[in-house]
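Structure below is query.txt: compact mmCIF, N, CA and C atoms.
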```txt
# COMPACT_ATOMS: atom_id res chain seq x y z
N MET A 525 62.22 157.94 55.10
CA MET A 525 61.72 159.29 55.16
C MET A 525 62.78 160.22 54.59
N PHE A 526 62.31 161.26 53.92
CA PHE A 526 63.22 162.10 53.15
C PHE A 526 62.91 163.58 53.29
N PHE A 527 63.95 164.37 53.07
CA PHE A 527 63.83 165.78 52.75
C PHE A 527 64.00 165.82 51.24
N VAL A 528 63.25 166.67 50.54
CA VAL A 528 63.26 166.64 49.08
C VAL A 528 63.42 168.07 48.54
N LEU A 529 64.35 168.22 47.60
CA LEU A 529 64.50 169.46 46.85
C LEU A 529 63.82 169.26 45.51
N VAL A 530 63.06 170.25 45.05
CA VAL A 530 62.34 170.12 43.79
C VAL A 530 62.45 171.40 42.97
N ASN A 531 62.30 171.23 41.66
CA ASN A 531 62.09 172.33 40.72
C ASN A 531 61.47 171.73 39.47
N ALA A 532 61.32 172.52 38.43
CA ALA A 532 60.66 172.02 37.22
C ALA A 532 61.51 171.00 36.47
N SER A 533 62.80 170.93 36.78
CA SER A 533 63.70 170.03 36.08
C SER A 533 63.88 168.69 36.77
N GLY A 534 63.38 168.55 38.01
CA GLY A 534 63.56 167.29 38.69
C GLY A 534 63.48 167.39 40.20
N ALA A 535 64.07 166.37 40.84
CA ALA A 535 64.02 166.29 42.30
C ALA A 535 65.23 165.53 42.83
N GLU A 536 65.64 165.91 44.03
CA GLU A 536 66.72 165.23 44.74
C GLU A 536 66.22 164.93 46.14
N ARG A 537 66.45 163.70 46.60
CA ARG A 537 66.00 163.32 47.93
C ARG A 537 67.20 163.13 48.86
N GLU A 538 66.98 163.42 50.13
CA GLU A 538 67.99 163.23 51.16
C GLU A 538 67.36 162.43 52.29
N CYS A 539 67.97 161.31 52.64
CA CYS A 539 67.47 160.47 53.72
C CYS A 539 67.53 161.25 55.03
N SER A 540 66.41 161.32 55.74
CA SER A 540 66.40 162.06 57.00
C SER A 540 67.12 161.31 58.11
N GLY A 541 67.40 160.02 57.91
CA GLY A 541 68.13 159.24 58.91
C GLY A 541 69.63 159.33 58.76
N CYS A 542 70.12 159.03 57.54
CA CYS A 542 71.58 158.95 57.35
C CYS A 542 72.16 160.10 56.54
N GLY A 543 71.30 160.88 55.90
CA GLY A 543 71.78 162.03 55.14
C GLY A 543 72.24 161.72 53.72
N SER A 544 72.15 160.46 53.29
CA SER A 544 72.57 160.15 51.92
C SER A 544 71.61 160.81 50.94
N ARG A 545 72.16 161.21 49.80
CA ARG A 545 71.38 161.95 48.81
C ARG A 545 71.35 161.19 47.49
N ALA A 546 70.26 161.33 46.74
CA ALA A 546 70.15 160.71 45.42
C ALA A 546 69.18 161.53 44.57
N PHE A 547 69.53 161.65 43.30
CA PHE A 547 68.63 162.29 42.35
C PHE A 547 67.57 161.30 41.91
N ILE A 548 66.40 161.80 41.56
CA ILE A 548 65.31 160.96 41.09
C ILE A 548 65.29 161.00 39.56
N ALA A 549 65.26 159.81 38.96
CA ALA A 549 65.25 159.64 37.50
C ALA A 549 66.43 160.40 36.89
N ASP A 550 66.18 161.24 35.90
CA ASP A 550 67.27 161.93 35.20
C ASP A 550 67.54 163.33 35.75
N SER A 551 67.10 163.62 36.95
CA SER A 551 67.25 164.96 37.53
C SER A 551 68.68 165.46 37.53
N GLU A 552 69.64 164.60 37.80
CA GLU A 552 71.03 165.04 37.90
C GLU A 552 71.51 165.69 36.61
N GLU A 553 71.02 165.21 35.47
CA GLU A 553 71.44 165.75 34.18
C GLU A 553 71.02 167.21 34.00
N TYR A 554 69.97 167.62 34.69
CA TYR A 554 69.43 168.97 34.52
C TYR A 554 69.52 169.79 35.80
N TRP A 555 70.24 169.29 36.79
CA TRP A 555 70.30 169.93 38.11
C TRP A 555 71.48 170.89 38.15
N ASN A 556 71.35 172.01 37.45
CA ASN A 556 72.41 173.02 37.45
C ASN A 556 71.78 174.39 37.27
N GLU A 557 72.52 175.39 37.65
CA GLU A 557 71.98 176.74 37.64
C GLU A 557 71.59 177.21 36.24
N GLU A 558 72.28 176.73 35.21
CA GLU A 558 71.96 177.15 33.85
C GLU A 558 70.56 176.71 33.45
N SER A 559 70.14 175.52 33.87
CA SER A 559 68.83 175.01 33.47
C SER A 559 67.70 175.52 34.38
N TRP A 560 68.03 176.09 35.54
CA TRP A 560 67.00 176.54 36.45
C TRP A 560 66.29 177.80 35.97
N GLU A 561 67.02 178.70 35.36
CA GLU A 561 66.48 179.99 34.93
C GLU A 561 65.69 180.61 36.08
N ASP A 562 64.38 180.69 35.95
CA ASP A 562 63.54 181.31 37.00
C ASP A 562 62.98 180.28 37.97
N ASP A 563 63.49 179.05 37.94
CA ASP A 563 62.93 177.98 38.75
C ASP A 563 64.03 177.30 39.57
N GLU A 564 64.65 178.06 40.46
CA GLU A 564 65.69 177.51 41.31
C GLU A 564 65.09 176.46 42.25
N SER A 565 65.88 175.44 42.54
CA SER A 565 65.36 174.37 43.41
C SER A 565 65.13 174.90 44.83
N GLY A 566 64.19 174.25 45.50
CA GLY A 566 63.88 174.61 46.87
C GLY A 566 63.35 173.41 47.62
N ALA A 567 63.37 173.49 48.93
CA ALA A 567 62.90 172.40 49.76
C ALA A 567 61.39 172.25 49.64
N ALA A 568 60.95 171.03 49.44
CA ALA A 568 59.51 170.74 49.45
C ALA A 568 59.00 170.94 50.87
N GLY A 569 57.85 171.54 50.99
CA GLY A 569 57.30 171.79 52.31
C GLY A 569 55.81 171.51 52.35
N CYS A 570 55.37 171.02 53.46
CA CYS A 570 53.95 170.76 53.70
C CYS A 570 53.30 172.05 54.21
N PRO A 571 52.01 172.24 53.97
CA PRO A 571 51.32 173.40 54.54
C PRO A 571 51.44 173.49 56.06
N CYS A 572 51.67 172.34 56.74
CA CYS A 572 51.81 172.37 58.20
C CYS A 572 53.18 172.88 58.64
N GLY A 573 54.11 173.05 57.69
CA GLY A 573 55.45 173.53 58.02
C GLY A 573 56.51 172.46 58.04
N SER A 574 56.13 171.21 58.02
CA SER A 574 57.10 170.12 58.02
C SER A 574 57.77 169.99 56.65
N GLU A 575 58.99 169.49 56.64
CA GLU A 575 59.72 169.25 55.40
C GLU A 575 60.21 167.80 55.31
N GLU A 576 59.61 166.90 56.08
CA GLU A 576 60.00 165.49 56.07
C GLU A 576 58.86 164.66 55.48
N PHE A 577 59.20 163.82 54.49
CA PHE A 577 58.18 163.12 53.71
C PHE A 577 58.53 161.66 53.47
N GLU A 578 57.49 160.88 53.18
CA GLU A 578 57.62 159.62 52.48
C GLU A 578 57.49 159.99 51.01
N ALA A 579 58.20 159.31 50.12
CA ALA A 579 58.20 159.69 48.71
C ALA A 579 57.77 158.52 47.84
N ALA A 580 57.09 158.86 46.73
CA ALA A 580 56.71 157.89 45.72
C ALA A 580 57.01 158.50 44.35
N VAL A 581 57.43 157.66 43.42
CA VAL A 581 57.70 158.12 42.07
C VAL A 581 56.83 157.31 41.11
N ALA A 582 56.16 158.01 40.20
CA ALA A 582 55.31 157.36 39.20
C ALA A 582 55.87 157.67 37.82
N PHE A 583 55.71 156.71 36.93
CA PHE A 583 56.16 156.88 35.55
C PHE A 583 54.97 156.69 34.62
N SER A 584 54.78 157.62 33.70
CA SER A 584 53.79 157.46 32.65
C SER A 584 54.52 156.92 31.43
N LEU A 585 54.01 155.83 30.89
CA LEU A 585 54.69 155.16 29.79
C LEU A 585 53.95 155.38 28.48
N GLY A 586 54.71 155.46 27.39
CA GLY A 586 54.13 155.54 26.05
C GLY A 586 53.70 154.16 25.59
N ASP A 587 53.07 154.09 24.43
CA ASP A 587 52.62 152.82 23.87
C ASP A 587 53.76 151.83 23.66
N ASP A 588 54.95 152.34 23.43
CA ASP A 588 56.11 151.48 23.22
C ASP A 588 56.81 151.08 24.52
N GLY A 589 56.26 151.50 25.66
CA GLY A 589 56.84 151.16 26.97
C GLY A 589 57.90 152.13 27.45
N SER A 590 58.20 153.16 26.69
CA SER A 590 59.21 154.13 27.12
C SER A 590 58.60 155.14 28.09
N VAL A 591 59.42 155.65 28.98
CA VAL A 591 58.98 156.64 29.97
C VAL A 591 58.72 157.97 29.27
N ARG A 592 57.56 158.55 29.50
CA ARG A 592 57.20 159.84 28.92
C ARG A 592 57.11 160.94 29.98
N TRP A 593 56.71 160.61 31.20
CA TRP A 593 56.61 161.59 32.30
C TRP A 593 57.09 160.94 33.59
N VAL A 594 57.69 161.74 34.45
CA VAL A 594 58.07 161.32 35.79
C VAL A 594 57.31 162.23 36.76
N THR A 595 56.68 161.63 37.77
CA THR A 595 55.93 162.39 38.77
C THR A 595 56.39 161.99 40.16
N VAL A 596 56.65 162.99 41.01
CA VAL A 596 57.09 162.75 42.38
C VAL A 596 55.97 163.17 43.33
N GLY A 597 55.46 162.20 44.08
CA GLY A 597 54.45 162.47 45.09
C GLY A 597 55.05 162.34 46.48
N LEU A 598 54.63 163.21 47.37
CA LEU A 598 55.16 163.19 48.74
C LEU A 598 54.01 163.15 49.74
N ARG A 599 54.25 162.43 50.86
CA ARG A 599 53.29 162.35 51.96
C ARG A 599 53.99 162.85 53.22
N CYS A 600 53.43 163.88 53.83
CA CYS A 600 54.02 164.48 55.03
C CYS A 600 54.01 163.49 56.19
N ILE A 601 55.15 163.38 56.85
CA ILE A 601 55.28 162.50 58.01
C ILE A 601 54.45 163.03 59.19
N LYS A 602 54.35 164.35 59.32
CA LYS A 602 53.69 164.95 60.47
C LYS A 602 52.16 164.85 60.42
N ASP A 603 51.56 165.21 59.27
CA ASP A 603 50.09 165.25 59.23
C ASP A 603 49.46 164.42 58.12
N GLY A 604 50.27 163.74 57.31
CA GLY A 604 49.72 162.86 56.28
C GLY A 604 49.31 163.55 54.99
N PHE A 605 49.50 164.87 54.88
CA PHE A 605 49.14 165.59 53.66
C PHE A 605 49.90 164.99 52.48
N CYS A 606 49.17 164.76 51.36
CA CYS A 606 49.78 164.19 50.15
C CYS A 606 49.65 165.17 49.00
N GLY A 607 50.65 165.16 48.14
CA GLY A 607 50.58 166.01 46.96
C GLY A 607 51.64 165.65 45.95
N VAL A 608 51.44 166.13 44.74
CA VAL A 608 52.44 166.01 43.68
C VAL A 608 53.33 167.24 43.79
N TYR A 609 54.62 167.02 43.99
CA TYR A 609 55.54 168.12 44.20
C TYR A 609 56.41 168.41 43.00
N ALA A 610 56.51 167.47 42.07
CA ALA A 610 57.30 167.70 40.85
C ALA A 610 56.85 166.72 39.78
N ASP A 611 56.87 167.18 38.54
CA ASP A 611 56.69 166.27 37.42
C ASP A 611 57.34 166.91 36.20
N TRP A 612 57.88 166.06 35.34
CA TRP A 612 58.55 166.57 34.16
C TRP A 612 58.46 165.56 33.02
N LYS A 613 58.52 166.11 31.82
CA LYS A 613 58.40 165.32 30.61
C LYS A 613 59.76 164.74 30.20
N ILE A 614 59.72 163.53 29.70
CA ILE A 614 60.91 162.88 29.14
C ILE A 614 60.72 162.84 27.63
N ASP A 615 61.61 163.47 26.90
CA ASP A 615 61.44 163.52 25.45
C ASP A 615 62.65 162.97 24.69
N TYR A 616 63.22 161.89 25.23
CA TYR A 616 64.34 161.23 24.58
C TYR A 616 64.21 159.73 24.81
N GLY A 617 65.04 158.97 24.20
CA GLY A 617 65.06 157.52 24.41
C GLY A 617 66.47 157.01 24.22
N PRO A 618 66.76 155.85 24.66
CA PRO A 618 65.91 154.96 25.44
C PRO A 618 65.76 155.45 26.89
N THR A 619 64.75 154.94 27.57
CA THR A 619 64.44 155.43 28.92
C THR A 619 64.38 154.35 29.98
N ASP A 620 64.68 153.11 29.63
CA ASP A 620 64.55 152.00 30.59
C ASP A 620 65.31 152.24 31.89
N HIS A 621 66.45 152.90 31.81
CA HIS A 621 67.28 153.14 33.01
C HIS A 621 66.55 153.99 34.05
N LEU A 622 65.62 154.83 33.62
CA LEU A 622 64.93 155.72 34.55
C LEU A 622 64.08 154.96 35.55
N LEU A 623 63.58 153.80 35.17
CA LEU A 623 62.69 153.04 36.04
C LEU A 623 63.37 152.54 37.32
N THR A 624 64.68 152.52 37.33
CA THR A 624 65.40 152.09 38.53
C THR A 624 66.06 153.24 39.28
N MET A 625 65.89 154.46 38.81
CA MET A 625 66.55 155.62 39.41
C MET A 625 65.60 156.43 40.26
N VAL A 626 65.09 155.81 41.32
CA VAL A 626 64.15 156.51 42.19
C VAL A 626 64.76 156.71 43.56
```
What does the file become when written as structure tokens?
Amino acid sequence: MFFVLVNASGAERECSGCGSRAFIADSEEYWNEESWEDDESGAAGCPCGSEEFEAAVAFSLGDDGSVRWVTVGLRCIKDGFCGVYADWKIDYGPTDHLLTMV
């Protein structure tokens, strides 16, 4: 279970048990104030008010097998609400490393 920070450039998850943190896919490369502009990161929240989630990451692949989009879906621990909380386009290659960075 995680607390998740999101913006248009990516997502960072924090384990609600131990507090360890990790960026999702290539988020760390773009996780700085210069790239945020008008989209500063913020805590993902459920309409019920909870901020603790189960997380899933999906990758959309191009015809050549390279990652083209990363999508972060979250499921609220309290009421089960599900939604897409972040997604971003990948426009570089190679991208194989992203598949293990969740």
Counting only C-alpha atoms, what is within 9 Å of Lys602 in chain A, bar same-chain residues fewer than 3 positions away, as a PDB file with N, CA and C atoms, in the coordinates of the input?
```pdb
ATOM      1  N   CYS A 570      55.370 171.020  53.460  1.00  0.00           N
ATOM      2  CA  CYS A 570      53.950 170.760  53.700  1.00  0.00           C
ATOM      3  C   CYS A 570      53.300 172.050  54.210  1.00  0.00           C
ATOM      4  N   CYS A 572      51.670 172.340  56.740  1.00  0.00           N
ATOM      5  CA  CYS A 572      51.810 172.370  58.200  1.00  0.00           C
ATOM      6  C   CYS A 572      53.180 172.880  58.640  1.00  0.00           C
ATOM      7  N   SER A 574      56.130 171.210  58.020  1.00  0.00           N
ATOM      8  CA  SER A 574      57.100 170.120  58.020  1.00  0.00           C
ATOM      9  C   SER A 574      57.770 169.990  56.650  1.00  0.00           C
ATOM     10  N   GLU A 575      58.990 169.490  56.640  1.00  0.00           N
ATOM     11  CA  GLU A 575      59.720 169.250  55.400  1.00  0.00           C
ATOM     12  C   GLU A 575      60.210 167.800  55.310  1.00  0.00           C
ATOM     13  N   GLU A 576      59.610 166.900  56.080  1.00  0.00           N
ATOM     14  CA  GLU A 576      60.000 165.490  56.070  1.00  0.00           C
ATOM     15  C   GLU A 576      58.860 164.660  55.480  1.00  0.00           C
ATOM     16  N   PHE A 577      59.200 163.820  54.490  1.00  0.00           N
ATOM     17  CA  PHE A 577      58.180 163.120  53.710  1.00  0.00           C
ATOM     18  C   PHE A 577      58.530 161.660  53.470  1.00  0.00           C
ATOM     19  N   ARG A 599      54.250 162.430  50.860  1.00  0.00           N
ATOM     20  CA  ARG A 599      53.290 162.350  51.960  1.00  0.00           C
ATOM     21  C   ARG A 599      53.990 162.850  53.220  1.00  0.00           C
ATOM     22  N   PHE A 605      49.500 164.870  54.880  1.00  0.00           N
ATOM     23  CA  PHE A 605      49.140 165.590  53.660  1.00  0.00           C
ATOM     24  C   PHE A 605      49.900 164.990  52.480  1.00  0.00           C
TER      25      PHE A 605
END
```
Task: In chain A, DSSP strand (DSSP E) residues written as a count of residues only - done: 44
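Using only C-alpha atoms, the shortest contact distance between Asp620 in chain A and any of A:Ser590, A:Ser565, A:Ser533, A:Ser551 is found at A:Ser590.
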TODO: Go ahead and compute the interatomic distance for atom C of Glu553 in chain A and CA of Glu578 in chain A, in Å to one decimal.
DONE: 24.1 Å
Counting all atoms listed in the file, what is within 6 Å of range 581-585 of chain A, bar same-chain residues fewer than 4 positions away, as a PDB file with N, CA and C atoms, in the coordinates of the input?
```pdb
ATOM      1  N   GLY A 589      56.260 151.500  25.660  1.00  0.00           N
ATOM      2  CA  GLY A 589      56.840 151.160  26.970  1.00  0.00           C
ATOM      3  C   GLY A 589      57.900 152.130  27.450  1.00  0.00           C
ATOM      4  N   SER A 590      58.200 153.160  26.690  1.00  0.00           N
ATOM      5  CA  SER A 590      59.210 154.130  27.120  1.00  0.00           C
ATOM      6  C   SER A 590      58.600 155.140  28.090  1.00  0.00           C
ATOM      7  N   VAL A 591      59.420 155.650  28.980  1.00  0.00           N
ATOM      8  CA  VAL A 591      58.980 156.640  29.970  1.00  0.00           C
ATOM      9  C   VAL A 591      58.720 157.970  29.270  1.00  0.00           C
ATOM     10  N   ARG A 592      57.560 158.550  29.500  1.00  0.00           N
ATOM     11  CA  ARG A 592      57.200 159.840  28.920  1.00  0.00           C
ATOM     12  C   ARG A 592      57.110 160.940  29.980  1.00  0.00           C
ATOM     13  N   TRP A 593      56.710 160.610  31.200  1.00  0.00           N
ATOM     14  CA  TRP A 593      56.610 161.590  32.300  1.00  0.00           C
ATOM     15  C   TRP A 593      57.090 160.940  33.590  1.00  0.00           C
ATOM     16  N   VAL A 594      57.690 161.740  34.450  1.00  0.00           N
ATOM     17  CA  VAL A 594      58.070 161.320  35.790  1.00  0.00           C
ATOM     18  C   VAL A 594      57.310 162.230  36.760  1.00  0.00           C
ATOM     19  N   THR A 595      56.680 161.630  37.770  1.00  0.00           N
ATOM     20  CA  THR A 595      55.930 162.390  38.770  1.00  0.00           C
ATOM     21  C   THR A 595      56.390 161.990  40.160  1.00  0.00           C
ATOM     22  N   VAL A 596      56.650 162.990  41.010  1.00  0.00           N
ATOM     23  CA  VAL A 596      57.090 162.750  42.380  1.00  0.00           C
ATOM     24  C   VAL A 596      55.970 163.170  43.330  1.00  0.00           C
ATOM     25  N   GLY A 597      55.460 162.200  44.080  1.00  0.00           N
ATOM     26  CA  GLY A 597      54.450 162.470  45.090  1.00  0.00           C
ATOM     27  C   GLY A 597      55.050 162.340  46.480  1.00  0.00           C
TER      28      GLY A 597
END
```
Open item on the list: Between CA of Ala567 in chain A and CA of Val626 in chain A, what distance in Å does the model show, to one decimal?
Closed with: 17.6 Å
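Minimum atom-to-atom distance to Pro618 in chain A, evaluated using only C-alpha atoms, belongs to A:Gly586 out of A:Gly586, A:Gly604, A:Gly566, A:Pro571.
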Open item on the list: Nearest residue to Cys539 in chain A out of A:Ala610, A:Asp615, A:Ala579, A:Glu564, using only C-alpha atoms?
Closed with: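 That would be A:Ala579, the residue with the smallest distance to Cys539 in chain A.
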TODO: Can you work out the spacing between CA of Ala549 in chain A and CA of Phe527 in chain A in Å, to one decimal?
DONE: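 Between these atoms lies a distance of 16.5 Å.
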- [ ] Mind checking which residues fall within 10 Å of Trp555 in chain A, counting only C-alpha atoms, ignoring those fewer than 3 positions away in the same chain, and posting them as a list in words?
- [x]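 After dropping sequence-adjacent residues, the list is Val530, Asn531, Ala532, Ser533, Gly534, Ala535, Glu536, Phe547, Asp550, Ser551, Glu552, Glu558, Ser559, Trp560, Glu564 and Ser565 of chain A.
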- [ ] Using only N, CA and C atoms, find the one residue out of A:Ile601, A:Ile548, A:Gly569, A:Tyr609 that sits nearest to Met625 in chain A.
- [x] A:Ile548
Open item on the list: To test your reading of the structure, identify every residue in chain A that backbone DSSP assigns to alpha helix (DSSP H), and report it as a ChimeraX atom specification.
Closed with: /A:551-554,557-560
TODO: Choose the residue, out of A:Thr619, A:Trp612, A:Val528, A:Asp603, that has the smallest atom-to-atom separation from Ala580 in chain A; count only C-alpha atoms.
DONE: A:Val528
